>>> print(open('input_28.cif').read())   # mmCIF, C-alpha atoms and all ligand atoms
data_data
#
loop_
_atom_site.label_atom_id
_atom_site.label_comp_id
_atom_site.auth_asym_id
_atom_site.auth_seq_id
_atom_site.Cartn_x
_atom_site.Cartn_y
_atom_site.Cartn_z
CA MET A 1171 27.23 4.02 2.06
CA GLN A 1172 25.12 3.24 5.09
CA ALA A 1173 22.62 0.40 4.65
CA ALA A 1174 20.38 -1.50 7.04
CA TYR A 1175 20.10 -5.29 7.23
CA PHE A 1176 17.50 -7.42 8.99
CA ARG A 1177 19.42 -10.10 10.90
CA GLY A 1178 16.38 -11.96 12.25
CA ASN A 1179 14.52 -11.86 15.58
CA GLY A 1180 13.92 -8.16 15.04
CA VAL A 1181 17.63 -7.27 15.00
CA ILE A 1182 18.52 -4.48 12.58
CA GLU A 1183 22.17 -3.81 11.80
CA LEU A 1184 23.49 -0.70 10.09
CA CYS A 1185 26.48 -1.51 7.87
CA ASP A 1186 28.90 0.40 5.71
CA VAL A 1187 28.74 -1.17 2.24
CA PRO A 1188 30.00 -0.11 -1.20
CA ARG A 1189 27.72 2.20 -3.12
CA PRO A 1190 25.96 0.06 -5.80
CA VAL A 1191 26.86 0.57 -9.46
CA PRO A 1192 23.99 0.81 -11.98
CA GLY A 1193 24.21 -1.34 -15.11
CA PRO A 1194 22.91 -0.42 -18.58
CA GLY A 1195 19.33 0.81 -18.44
CA GLU A 1196 19.56 1.40 -14.71
CA LEU A 1197 19.59 4.49 -12.51
CA LEU A 1198 21.36 5.21 -9.25
CA ILE A 1199 18.94 6.88 -6.88
CA GLN A 1200 19.86 8.80 -3.76
CA VAL A 1201 17.14 7.74 -1.35
CA ALA A 1202 15.18 10.60 0.23
CA ALA A 1203 12.57 8.55 2.08
CA ASN A 1204 11.51 4.94 2.52
CA GLY A 1205 8.18 4.02 4.11
CA VAL A 1206 7.96 1.37 6.83
CA CYS A 1207 5.59 -1.38 5.70
CA GLY A 1208 3.62 -4.08 7.49
CA SER A 1209 4.81 -6.57 4.89
CA ASP A 1210 8.35 -6.21 6.32
CA ARG A 1211 7.29 -7.91 9.56
CA LYS A 1212 8.05 -11.41 8.29
CA ILE A 1213 11.61 -10.60 7.21
CA LEU A 1214 12.24 -8.48 10.30
CA GLU A 1215 11.69 -11.65 12.33
CA GLY A 1216 13.05 -14.18 9.88
CA GLY A 1217 16.02 -12.20 8.56
CA PHE A 1218 16.75 -11.08 5.01
CA ALA A 1219 19.90 -11.46 2.88
CA ARG A 1220 19.45 -8.22 0.93
CA ILE A 1221 18.98 -4.59 1.89
CA PRO A 1222 15.22 -4.36 2.57
CA GLY A 1223 12.90 -1.45 1.83
CA HIS A 1224 10.39 -1.16 -1.01
CA GLU A 1225 8.56 2.17 -0.60
CA VAL A 1226 11.15 4.55 -1.94
CA ALA A 1227 11.38 8.07 -3.30
CA GLY A 1228 14.60 9.85 -4.17
CA THR A 1229 16.70 11.77 -6.67
CA VAL A 1230 18.44 10.29 -9.71
CA VAL A 1231 22.19 10.89 -9.30
CA GLU A 1232 23.41 8.69 -12.15
CA ALA A 1233 21.69 7.64 -15.37
CA THR A 1234 23.41 5.04 -17.57
CA GLU A 1235 23.20 4.59 -21.31
CA GLY A 1236 19.70 3.92 -22.57
CA CYS A 1237 17.94 5.61 -19.64
CA GLN A 1238 15.26 8.18 -20.36
CA THR A 1239 15.08 9.56 -16.82
CA PRO A 1240 17.61 12.40 -16.47
CA THR A 1241 20.02 12.97 -13.60
CA GLY A 1242 18.42 15.22 -11.02
CA ALA A 1243 14.89 13.88 -11.57
CA ARG A 1244 12.83 13.27 -8.44
CA VAL A 1245 11.18 9.87 -8.66
CA ALA A 1246 9.20 7.27 -6.78
CA VAL A 1247 10.19 3.62 -7.24
CA TYR A 1248 7.58 1.34 -8.85
CA ILE A 1249 8.60 -2.05 -7.54
CA PRO A 1250 7.23 -4.66 -9.98
CA ARG A 1251 10.03 -5.65 -12.33
CA HIS A 1252 8.50 -5.66 -15.82
CA CYS A 1253 9.63 -6.21 -19.40
CA GLY A 1254 8.31 -2.98 -20.87
CA ALA A 1255 7.21 -4.71 -24.08
CA CYS A 1256 4.31 -7.10 -23.43
CA VAL A 1257 0.62 -6.26 -23.70
CA TYR A 1258 0.43 -5.49 -19.97
CA CYS A 1259 3.50 -3.26 -19.95
CA GLN A 1260 2.24 -1.40 -23.03
CA ALA A 1261 -0.86 -0.53 -21.01
CA GLY A 1262 1.20 0.60 -18.03
CA GLN A 1263 0.26 -2.53 -16.09
CA GLY A 1264 3.77 -3.48 -15.02
CA ASN A 1265 2.18 -5.04 -11.93
CA LEU A 1266 0.76 -7.76 -14.21
CA CYS A 1267 3.80 -8.40 -16.44
CA PRO A 1268 4.44 -12.16 -16.54
CA HIS A 1269 7.91 -11.88 -18.10
CA LYS A 1270 10.00 -10.36 -15.32
CA PRO A 1271 8.92 -11.76 -12.01
CA GLY A 1272 10.14 -10.27 -8.77
CA LEU A 1273 9.89 -6.99 -6.96
CA LEU A 1274 12.54 -4.34 -6.35
CA GLY A 1275 13.48 -4.27 -2.69
CA TRP A 1276 12.57 -7.96 -2.42
CA SER A 1277 14.49 -9.70 -5.19
CA THR A 1278 16.99 -6.80 -5.36
CA ASP A 1279 18.56 -4.51 -2.75
CA GLY A 1280 16.01 -1.98 -1.51
CA GLY A 1281 15.75 1.47 -0.05
CA TYR A 1282 16.96 1.24 3.56
CA ALA A 1283 20.24 2.68 2.34
CA GLU A 1284 21.66 5.92 1.05
CA TYR A 1285 21.52 4.74 -2.57
CA MET A 1286 19.52 2.20 -4.56
CA VAL A 1287 19.81 0.91 -8.14
CA VAL A 1288 16.52 1.03 -10.07
CA PRO A 1289 15.73 0.06 -13.70
CA ASP A 1290 14.90 3.18 -15.67
CA ARG A 1291 11.34 2.04 -16.38
CA ASN A 1292 10.67 1.60 -12.64
CA ALA A 1293 11.39 5.27 -11.87
CA LEU A 1294 8.14 7.25 -11.81
CA PRO A 1295 8.78 11.00 -12.08
CA LEU A 1296 7.25 13.18 -9.37
CA GLU A 1297 5.52 16.32 -10.58
CA ASP A 1298 6.45 19.74 -9.23
CA GLY A 1299 4.51 20.26 -6.03
CA ILE A 1300 4.63 16.58 -5.03
CA SER A 1301 7.02 16.07 -2.14
CA MET A 1302 9.27 13.04 -1.66
CA GLU A 1303 7.08 12.01 1.29
CA GLN A 1304 3.98 12.24 -0.90
CA GLY A 1305 5.88 10.22 -3.51
CA VAL A 1306 6.25 7.41 -0.96
CA LEU A 1307 2.59 7.68 0.04
CA LEU A 1308 1.59 7.33 -3.62
CA LEU A 1309 3.10 3.82 -3.62
CA ASP A 1310 1.68 1.20 -1.23
CA THR A 1311 -0.50 3.56 0.79
CA ILE A 1312 -2.50 5.30 -1.95
CA GLY A 1313 -1.46 3.27 -5.00
CA THR A 1314 -2.42 -0.15 -3.65
CA SER A 1315 -5.65 1.01 -2.02
CA SER A 1316 -6.87 3.16 -4.92
CA HIS A 1317 -6.14 0.39 -7.43
CA GLY A 1318 -8.38 -2.01 -5.50
CA LEU A 1319 -11.02 0.72 -5.31
CA ARG A 1320 -10.84 1.60 -9.01
CA LEU A 1321 -11.32 -2.08 -9.89
CA ALA A 1322 -14.31 -2.03 -7.52
CA ARG A 1323 -15.74 1.03 -9.31
CA CYS A 1324 -16.02 2.58 -5.89
CA GLU A 1325 -17.39 5.89 -7.17
CA THR A 1326 -20.81 4.24 -7.59
CA ALA A 1327 -20.97 3.20 -3.90
CA GLN A 1328 -23.13 5.05 -1.40
CA SER A 1329 -21.82 3.11 1.57
CA ALA A 1330 -18.50 1.43 2.29
CA LEU A 1331 -16.81 -0.35 5.17
CA VAL A 1332 -13.03 -0.32 5.47
CA ILE A 1333 -11.79 -3.09 7.76
CA GLY A 1334 -8.42 -2.17 9.24
CA ALA A 1335 -7.07 1.39 9.08
CA GLY A 1336 -3.33 0.83 8.80
CA PRO A 1337 -1.63 2.78 6.02
CA VAL A 1338 -3.36 0.89 3.16
CA GLY A 1339 -6.77 0.94 4.88
CA MET A 1340 -6.45 4.64 5.70
CA GLY A 1341 -5.31 5.24 2.13
CA ALA A 1342 -8.62 3.64 1.09
CA VAL A 1343 -10.49 5.95 3.47
CA ALA A 1344 -8.73 9.00 2.00
CA TYR A 1345 -9.49 7.89 -1.56
CA LEU A 1346 -13.15 7.00 -0.84
CA LYS A 1347 -13.74 10.40 0.76
CA ALA A 1348 -11.96 12.08 -2.17
CA MET A 1349 -14.42 10.27 -4.47
CA GLY A 1350 -17.30 11.65 -2.40
CA ILE A 1351 -18.63 8.38 -0.95
CA PRO A 1352 -21.09 9.51 1.74
CA ASP A 1353 -20.98 6.70 4.33
CA VAL A 1354 -17.50 5.31 4.90
CA TYR A 1355 -17.34 3.16 8.03
CA VAL A 1356 -13.95 2.24 9.44
CA SER A 1357 -13.50 -0.75 11.72
CA GLU A 1358 -10.20 -0.57 13.62
CA LEU A 1359 -8.69 -1.24 17.05
CA SER A 1360 -6.33 1.74 17.43
CA PRO A 1361 -8.04 4.88 18.81
CA TYR A 1362 -5.23 6.89 17.21
CA ARG A 1363 -6.13 5.61 13.76
CA LEU A 1364 -9.88 5.92 14.38
CA ALA A 1365 -9.39 9.60 15.21
CA ILE A 1366 -7.63 10.18 11.88
CA ALA A 1367 -10.39 8.30 10.04
CA GLU A 1368 -12.92 10.60 11.70
CA LYS A 1369 -10.96 13.64 10.51
CA TYR A 1370 -11.40 12.33 6.98
CA GLY A 1371 -15.16 12.35 7.60
CA ALA A 1372 -15.40 8.58 8.01
CA LEU A 1373 -17.59 6.86 10.63
CA PRO A 1374 -15.33 5.16 13.18
CA ILE A 1375 -16.16 1.79 14.73
CA ALA A 1376 -13.95 0.69 17.64
CA ALA A 1377 -13.87 -3.00 16.80
CA ASP A 1378 -12.91 -4.04 20.35
CA GLN A 1379 -15.81 -2.16 21.92
CA GLU A 1380 -18.60 -2.34 19.41
CA ASP A 1381 -20.03 -5.19 17.34
CA VAL A 1382 -19.18 -4.20 13.79
CA ALA A 1383 -21.97 -6.26 12.21
CA SER A 1384 -24.67 -4.80 14.49
CA ARG A 1385 -23.50 -1.26 13.79
CA ILE A 1386 -23.47 -1.79 10.01
CA ARG A 1387 -26.80 -3.59 9.90
CA ALA A 1388 -28.46 -0.96 12.08
CA ASP A 1389 -27.78 1.64 9.35
CA HIS A 1390 -27.70 -0.64 6.31
CA PRO A 1391 -29.93 -3.68 6.89
CA TYR A 1392 -28.79 -5.40 3.67
CA GLY A 1393 -25.11 -4.58 4.20
CA VAL A 1394 -22.90 -1.96 2.57
CA ASP A 1395 -22.25 -1.49 -1.16
CA LEU A 1396 -18.51 -2.00 -0.80
CA VAL A 1397 -16.25 -3.63 1.76
CA VAL A 1398 -12.50 -3.03 1.70
CA GLU A 1399 -10.56 -5.69 3.57
CA ALA A 1400 -7.24 -4.13 4.59
CA VAL A 1401 -6.19 -6.45 7.42
CA GLY A 1402 -5.18 -9.55 5.50
CA ALA A 1403 -6.77 -12.21 7.70
CA LEU A 1404 -9.28 -14.97 7.06
CA LEU A 1405 -11.67 -13.77 9.78
CA THR A 1406 -11.92 -10.30 8.27
CA ILE A 1407 -12.29 -11.76 4.77
CA TRP A 1408 -15.28 -13.69 6.10
CA GLN A 1409 -16.55 -10.57 7.84
CA SER A 1410 -16.36 -8.75 4.48
CA LEU A 1411 -18.55 -11.38 2.83
CA TYR A 1412 -21.02 -11.13 5.68
CA LEU A 1413 -21.32 -7.35 5.65
CA VAL A 1414 -21.44 -6.64 1.91
CA ARG A 1415 -24.95 -6.27 0.53
CA PRO A 1416 -26.29 -8.65 -2.13
CA GLY A 1417 -24.96 -7.28 -5.43
CA GLY A 1418 -22.11 -5.51 -3.66
CA VAL A 1419 -18.35 -5.62 -4.03
CA VAL A 1420 -15.60 -6.86 -1.71
CA SER A 1421 -12.13 -5.54 -2.47
CA LEU A 1422 -9.30 -7.44 -0.81
CA VAL A 1423 -6.25 -5.19 -0.44
CA GLY A 1424 -4.80 -6.69 2.77
CA GLU A 1425 -1.77 -8.93 2.39
CA TYR A 1426 -2.90 -12.51 2.92
CA TRP A 1427 -0.86 -15.48 1.69
CA GLY A 1428 -2.85 -18.18 3.43
CA LYS A 1429 -5.49 -20.53 2.13
CA VAL A 1430 -8.84 -18.83 1.57
CA GLU A 1431 -11.62 -21.19 2.55
CA LEU A 1432 -15.07 -19.77 2.03
CA GLU A 1433 -16.83 -22.18 4.35
CA ARG A 1434 -19.62 -19.86 5.33
CA PRO A 1435 -23.34 -20.47 5.11
CA LYS A 1436 -24.37 -20.50 1.46
CA SER A 1437 -26.68 -17.54 1.92
CA GLU A 1438 -23.74 -15.31 2.78
CA TRP A 1439 -21.80 -15.61 -0.44
CA MET A 1440 -22.99 -18.39 -2.72
CA ILE A 1441 -26.26 -16.84 -3.80
CA ASN A 1442 -25.70 -13.12 -3.35
CA ASP A 1443 -24.06 -11.86 -6.57
CA ILE A 1444 -20.98 -10.71 -4.73
CA THR A 1445 -18.05 -9.39 -6.76
CA LEU A 1446 -14.80 -10.35 -5.09
CA ILE A 1447 -11.69 -8.42 -6.11
CA ARG A 1448 -8.14 -9.41 -5.26
CA SER A 1449 -5.87 -6.64 -6.55
CA PHE A 1450 -2.10 -6.31 -6.60
CA TYR A 1451 -0.21 -2.99 -6.36
CA PHE A 1452 -1.26 -0.51 -9.07
CA THR A 1453 -0.70 0.62 -12.64
CA ILE A 1454 1.63 3.41 -13.79
CA PRO A 1455 -1.18 5.57 -15.27
CA GLU A 1456 -2.96 5.36 -11.91
CA PHE A 1457 0.15 6.71 -10.17
CA HIS A 1458 0.00 9.80 -12.38
CA GLU A 1459 -3.76 10.20 -11.89
CA ASN A 1460 -3.21 10.08 -8.13
CA GLN A 1461 -0.54 12.78 -8.36
CA ARG A 1462 -3.09 14.98 -10.11
CA LEU A 1463 -5.71 14.26 -7.43
CA ILE A 1464 -3.25 15.59 -4.83
CA LEU A 1465 -2.23 18.59 -6.93
CA ASN A 1466 -5.80 19.68 -7.64
CA GLY A 1467 -6.62 19.48 -3.93
CA LYS A 1468 -9.08 16.60 -4.20
CA LEU A 1469 -7.01 14.04 -2.30
CA ASP A 1470 -5.44 14.98 1.03
CA VAL A 1471 -2.62 12.60 1.91
CA SER A 1472 -0.99 14.70 4.63
CA PRO A 1473 -2.60 12.80 7.56
CA LEU A 1474 -1.22 9.51 6.18
CA ALA A 1475 2.44 10.13 7.06
CA SER A 1476 2.63 10.26 10.83
CA HIS A 1477 6.27 9.85 11.90
CA SER A 1478 9.78 10.19 10.53
CA TYR A 1479 13.05 8.60 11.70
CA PRO A 1480 16.64 8.67 10.47
CA LEU A 1481 17.95 5.39 9.01
CA ALA A 1482 20.16 4.89 12.09
CA GLU A 1483 16.96 4.62 14.16
CA LEU A 1484 15.21 2.11 11.91
CA ARG A 1485 14.47 -0.23 14.83
CA ALA A 1486 12.72 2.61 16.67
CA ALA A 1487 10.77 3.33 13.47
CA TYR A 1488 9.49 -0.28 13.48
CA ASP A 1489 8.67 -0.12 17.20
CA ALA A 1490 6.59 2.99 16.52
CA PHE A 1491 4.88 1.36 13.54
CA LEU A 1492 4.15 -1.90 15.36
CA SER A 1493 2.61 -0.02 18.31
CA GLY A 1494 -0.39 0.67 16.06
CA ASP A 1495 -0.44 4.33 17.04
CA THR A 1496 1.06 5.48 13.76
CA LEU A 1497 0.25 5.50 10.07
CA LYS A 1498 3.03 5.56 7.48
CA VAL A 1499 6.39 5.91 9.21
CA MET A 1500 9.05 7.51 7.02
CA VAL A 1501 12.73 6.64 7.24
CA THR A 1502 15.32 9.04 5.84
CA PRO A 1503 18.97 8.09 5.27
ZN ZN B 1 4.91 -1.87 1.46
ZN ZN B 2 5.79 -6.96 -19.63
#
>>> encode(input="input_28.cif", output="structure tokens")
Amino acid sequence: MQAAYFRGNGVIELCDVPRPVPGPGELLIQVAANGVCGSDRKILEGGFARIPGHEVAGTVVEATEGCQTPTGARVAVYIPRHCGACVYCQAGQGNLCPHKPGLLGWSTDGGYAEYMVVPDRNALPLEDGISMEQGVLLLDTIGTSSHGLRLARCETAQSALVIGAGPVGMGAVAYLKAMGIPDVYVSELSPYRLAIAEKYGALPIAADQEDVASRIRADHPYGVDLVVEAVGALLTIWQSLYLVRPGGVVSLVGEYWGKVELERPKSEWMINDITLIRSFYFTIPEFHENQRLILNGKLDVSPLASHSYPLAELRAAYDAFLSGDTLKVMVTP
């Protein structure tokens, strides 16, 4: 089968490799689509020994003994490896399972290939009416953002600021508007992304032309009820703490592995009753709830997938994504 490898310094090589063989309890999935993700940037530069790709939807072509998912099922791939037995797994919180660390597509071969092996319990069935592309969007884009927003009890907010409108940030915008939040501000550099945010009914702030804090405080002198940090940078984490109102919630959904130092004036975070949420991925029941939100017309994800490339043009897919004038870029084998 054809598979892509990241060789470092941005070099992507397409190779012909043997089709993987699923073991007991595993499925072989024919990949239909794999979403390009900002979290791939590090391995695109640094190189990666395995087949990358972790936002996958496809069709089950082989189910081994012990699998419940039948051949022919259309599924999205839930990447946290999980034991299936502990208290977290019993509640569908595979993202919190402490017994099977590692993520599919990171600690195993991923979806930039024609086929991928997936443990049966990581295959989330797509309902009729949910496309493969929507299946991919239900992972990092909608899954990650909506999980952070559910933990934040976002439905009680009257005002929100989303900092950074890449796929996860724009997923947050889509979900907040689906929940009926009246004032959703979006701070972002790309005019392309700001235009899409506006189509969702959000209030765009061009962060390179307008002072975000002045704009927010002009309308909401105490700050907003909810800030969603979807950049993954210390400066925007600080900005979140500065622009949330006393008693408000900050939900950190951006990928940030660095040290978080909260060395801001005490009045900004120490004495303001701020709830700070750091979420990871999403739960399996949430995935199914999000499918229903799409099917009943409440959640519109169609603006979130902006481009599509064949696997052979994976480098061009990354160039498009890194330009900033895209949202989720789909890659099809
Ligand atoms: Zn991702
Ligand atoms: Zn578990």
>>> residues_around(input="input_28.cif", residues="Cys1324 (chain A)", least_positions_apart="2", cutoff="12 Å", atoms="all atoms listed in the file", output="number ranges by chain")
A: 1315-1322, 1326-1331, 1342-1343, 1345-1352, 1354, 1394-1398, 1418-1421, 1447
>>> write_last_selection(input="input_28.cif", atoms="C-alpha atoms", output="PDB file, keeping the file's coordinate frame")
ATOM      1  CA  SER A1315      -5.650   1.010  -2.020  1.00  0.00           C
ATOM      2  CA  SER A1316      -6.870   3.160  -4.920  1.00  0.00           C
ATOM      3  CA  HIS A1317      -6.140   0.390  -7.430  1.00  0.00           C
ATOM      4  CA  GLY A1318      -8.380  -2.010  -5.500  1.00  0.00           C
ATOM      5  CA  LEU A1319     -11.020   0.720  -5.310  1.00  0.00           C
ATOM      6  CA  ARG A1320     -10.840   1.600  -9.010  1.00  0.00           C
ATOM      7  CA  LEU A1321     -11.320  -2.080  -9.890  1.00  0.00           C
ATOM      8  CA  ALA A1322     -14.310  -2.030  -7.520  1.00  0.00           C
ATOM      9  CA  THR A1326     -20.810   4.240  -7.590  1.00  0.00           C
ATOM     10  CA  ALA A1327     -20.970   3.200  -3.900  1.00  0.00           C
ATOM     11  CA  GLN A1328     -23.130   5.050  -1.400  1.00  0.00           C
ATOM     12  CA  SER A1329     -21.820   3.110   1.570  1.00  0.00           C
ATOM     13  CA  ALA A1330     -18.500   1.430   2.290  1.00  0.00           C
ATOM     14  CA  LEU A1331     -16.810  -0.350   5.170  1.00  0.00           C
ATOM     15  CA  ALA A1342      -8.620   3.640   1.090  1.00  0.00           C
ATOM     16  CA  VAL A1343     -10.490   5.950   3.470  1.00  0.00           C
ATOM     17  CA  TYR A1345      -9.490   7.890  -1.560  1.00  0.00           C
ATOM     18  CA  LEU A1346     -13.150   7.000  -0.840  1.00  0.00           C
ATOM     19  CA  LYS A1347     -13.740  10.400   0.760  1.00  0.00           C
ATOM     20  CA  ALA A1348     -11.960  12.080  -2.170  1.00  0.00           C
ATOM     21  CA  MET A1349     -14.420  10.270  -4.470  1.00  0.00           C
ATOM     22  CA  GLY A1350     -17.300  11.650  -2.400  1.00  0.00           C
ATOM     23  CA  ILE A1351     -18.630   8.380  -0.950  1.00  0.00           C
ATOM     24  CA  PRO A1352     -21.090   9.510   1.740  1.00  0.00           C
ATOM     25  CA  VAL A1354     -17.500   5.310   4.900  1.00  0.00           C
ATOM     26  CA  VAL A1394     -22.900  -1.960   2.570  1.00  0.00           C
ATOM     27  CA  ASP A1395     -22.250  -1.490  -1.160  1.00  0.00           C
ATOM     28  CA  LEU A1396     -18.510  -2.000  -0.800  1.00  0.00           C
ATOM     29  CA  VAL A1397     -16.250  -3.630   1.760  1.00  0.00           C
ATOM     30  CA  VAL A1398     -12.500  -3.030   1.700  1.00  0.00           C
ATOM     31  CA  GLY A1418     -22.110  -5.510  -3.660  1.00  0.00           C
ATOM     32  CA  VAL A1419     -18.350  -5.620  -4.030  1.00  0.00           C
ATOM     33  CA  VAL A1420     -15.600  -6.860  -1.710  1.00  0.00           C
ATOM     34  CA  SER A1421     -12.130  -5.540  -2.470  1.00  0.00           C
ATOM     35  CA  ILE A1447     -11.690  -8.420  -6.110  1.00  0.00           C
TER      36      ILE A1447
END
>>> residues_near_ligand(input="input_28.cif", ligand="ligand ZN 1 (chain B)", cutoff="9 Å", atoms="all atoms listed in the file", output="list of chain:residue names")
A:Gly1205, A:Val1206, A:Cys1207, A:Gly1208, A:Ser1209, A:Asp1210, A:Gly1223, A:His1224, A:Glu1225, A:Leu1309, A:Asp1310, A:Thr1311, A:Val1338
>>> atom_distance(input="input_28.cif", atom1="CA of Ala1475 (chain A)", atom2="CA of Gly1494 (chain A)")
13.4 Å
>>> residues_near_point(input="input_28.cif", point="(9.5, 13.8, -5.3)", cutoff="9 Å", atoms="all atoms listed in the file", output="PyMOL selection string")
chain A and resi 1202+1227-1229+1243-1246+1295-1306
>>> atom_distance(input="input_28.cif", atom1="CA of Ala1283 (chain A)", atom2="CA of Gln1172 (chain A)")
5.6 Å
>>> atom_distance(input="input_28.cif", atom1="CA of His1477 (chain A)", atom2="CA of Thr1502 (chain A)")
10.9 Å
>>> residues_near_ligand(input="input_28.cif", ligand="ligand ZN 2 (chain B)", cutoff="7 Å", atoms="only C-alpha atoms and all ligand atoms", output="ChimeraX atom specification")
/A:1252-1259,1264,1267-1270
>>> write_last_selection(input="input_28.cif", atoms="C-alpha atoms", output="mmCIF file, in the coordinates of the input")
data_model
loop_
_atom_site.group_PDB
_atom_site.id
_atom_site.type_symbol
_atom_site.label_atom_id
_atom_site.label_comp_id
_atom_site.auth_asym_id
_atom_site.auth_seq_id
_atom_site.Cartn_x
_atom_site.Cartn_y
_atom_site.Cartn_z
ATOM 1 C CA HIS A 1252 8.500 -5.660 -15.820
ATOM 2 C CA CYS A 1253 9.630 -6.210 -19.400
ATOM 3 C CA GLY A 1254 8.310 -2.980 -20.870
ATOM 4 C CA ALA A 1255 7.210 -4.710 -24.080
ATOM 5 C CA CYS A 1256 4.310 -7.100 -23.430
ATOM 6 C CA VAL A 1257 0.620 -6.260 -23.700
ATOM 7 C CA TYR A 1258 0.430 -5.490 -19.970
ATOM 8 C CA CYS A 1259 3.500 -3.260 -19.950
ATOM 9 C CA GLY A 1264 3.770 -3.480 -15.020
ATOM 10 C CA CYS A 1267 3.800 -8.400 -16.440
ATOM 11 C CA PRO A 1268 4.440 -12.160 -16.540
ATOM 12 C CA HIS A 1269 7.910 -11.880 -18.100
ATOM 13 C CA LYS A 1270 10.000 -10.360 -15.320
#
>>> closest_atom_pairs(input="input_28.cif", of="region 1238-1351 of chain A", to="region 1189-1201 of chain A", cutoff="10 Å", atoms="all atoms listed in the file", output="CSV")
residue,atom,partner,partner_atom,distance
A:Gln1238,CA,A:Gly1195,CA,8.6
A:Thr1239,CA,A:Leu1197,CA,8.0
A:Pro1240,CA,A:Leu1197,CA,9.1
A:Thr1241,CA,A:Leu1197,CA,8.6
A:Gly1242,CA,A:Ile1199,CA,9.3
A:Ala1243,CA,A:Ile1199,CA,9.3
A:Arg1244,CA,A:Ile1199,CA,9.0
A:Val1245,CA,A:Ile1199,CA,8.5
A:Ala1246,CA,A:Val1201,CA,9.6
A:Val1247,CA,A:Ile1199,CA,9.3
A:Asp1279,CA,A:Pro1190,CA,9.2
A:Gly1280,CA,A:Val1201,CA,9.8
A:Gly1281,CA,A:Val1201,CA,6.6
A:Tyr1282,CA,A:Val1201,CA,8.1
A:Ala1283,CA,A:Val1201,CA,7.0
A:Glu1284,CA,A:Val1201,CA,5.4
A:Tyr1285,CA,A:Gln1200,CA,4.5
A:Met1286,CA,A:Ile1199,CA,5.3
A:Val1287,CA,A:Leu1198,CA,4.7
A:Val1288,CA,A:Leu1197,CA,5.2
A:Pro1289,CA,A:Glu1196,CA,4.2
A:Asp1290,CA,A:Glu1196,CA,5.1
A:Arg1291,CA,A:Gly1195,CA,8.3
A:Asn1292,CA,A:Glu1196,CA,9.1
A:Ala1293,CA,A:Leu1197,CA,8.3
A:Met1302,CA,A:Val1201,CA,9.5
>>> build_atoms(input="input_28.cif", residues="region 1334-1344 of chain A", atoms="N, CA, C and O atoms", output="short mmCIF file (atom, residue, chain, number, x, y, z; two decimals), keeping the file's coordinate frame")
data_model
loop_
_atom_site.label_atom_id
_atom_site.label_comp_id
_atom_site.auth_asym_id
_atom_site.auth_seq_id
_atom_site.Cartn_x
_atom_site.Cartn_y
_atom_site.Cartn_z
N GLY A 1334 -9.85 -2.34 8.99
CA GLY A 1334 -8.42 -2.17 9.24
C GLY A 1334 -7.92 -0.85 8.67
O GLY A 1334 -7.96 -0.65 7.46
N ALA A 1335 -7.50 0.06 9.54
CA ALA A 1335 -7.07 1.39 9.08
C ALA A 1335 -5.58 1.59 9.33
O ALA A 1335 -5.15 2.60 9.88
N GLY A 1336 -4.77 0.60 8.91
CA GLY A 1336 -3.33 0.83 8.80
C GLY A 1336 -3.11 1.73 7.59
O GLY A 1336 -4.08 2.30 7.05
N PRO A 1337 -1.87 1.87 7.15
CA PRO A 1337 -1.63 2.78 6.02
C PRO A 1337 -2.48 2.47 4.78
O PRO A 1337 -3.07 3.39 4.20
N VAL A 1338 -2.58 1.20 4.37
CA VAL A 1338 -3.36 0.89 3.16
C VAL A 1338 -4.85 1.15 3.41
O VAL A 1338 -5.55 1.74 2.57
N GLY A 1339 -5.36 0.71 4.56
CA GLY A 1339 -6.77 0.94 4.88
C GLY A 1339 -7.08 2.44 4.96
O GLY A 1339 -8.10 2.89 4.44
N MET A 1340 -6.19 3.20 5.59
CA MET A 1340 -6.45 4.64 5.70
C MET A 1340 -6.30 5.31 4.34
O MET A 1340 -6.99 6.29 4.04
N GLY A 1341 -5.41 4.76 3.51
CA GLY A 1341 -5.31 5.24 2.13
C GLY A 1341 -6.65 5.05 1.42
O GLY A 1341 -7.11 5.92 0.68
N ALA A 1342 -7.30 3.90 1.68
CA ALA A 1342 -8.62 3.64 1.09
C ALA A 1342 -9.64 4.65 1.60
O ALA A 1342 -10.47 5.16 0.84
N VAL A 1343 -9.57 4.96 2.89
CA VAL A 1343 -10.49 5.95 3.47
C VAL A 1343 -10.30 7.30 2.77
O VAL A 1343 -11.27 7.95 2.34
N ALA A 1344 -9.03 7.71 2.63
CA ALA A 1344 -8.73 9.00 2.00
C ALA A 1344 -9.27 9.03 0.57
O ALA A 1344 -9.87 10.02 0.13
#
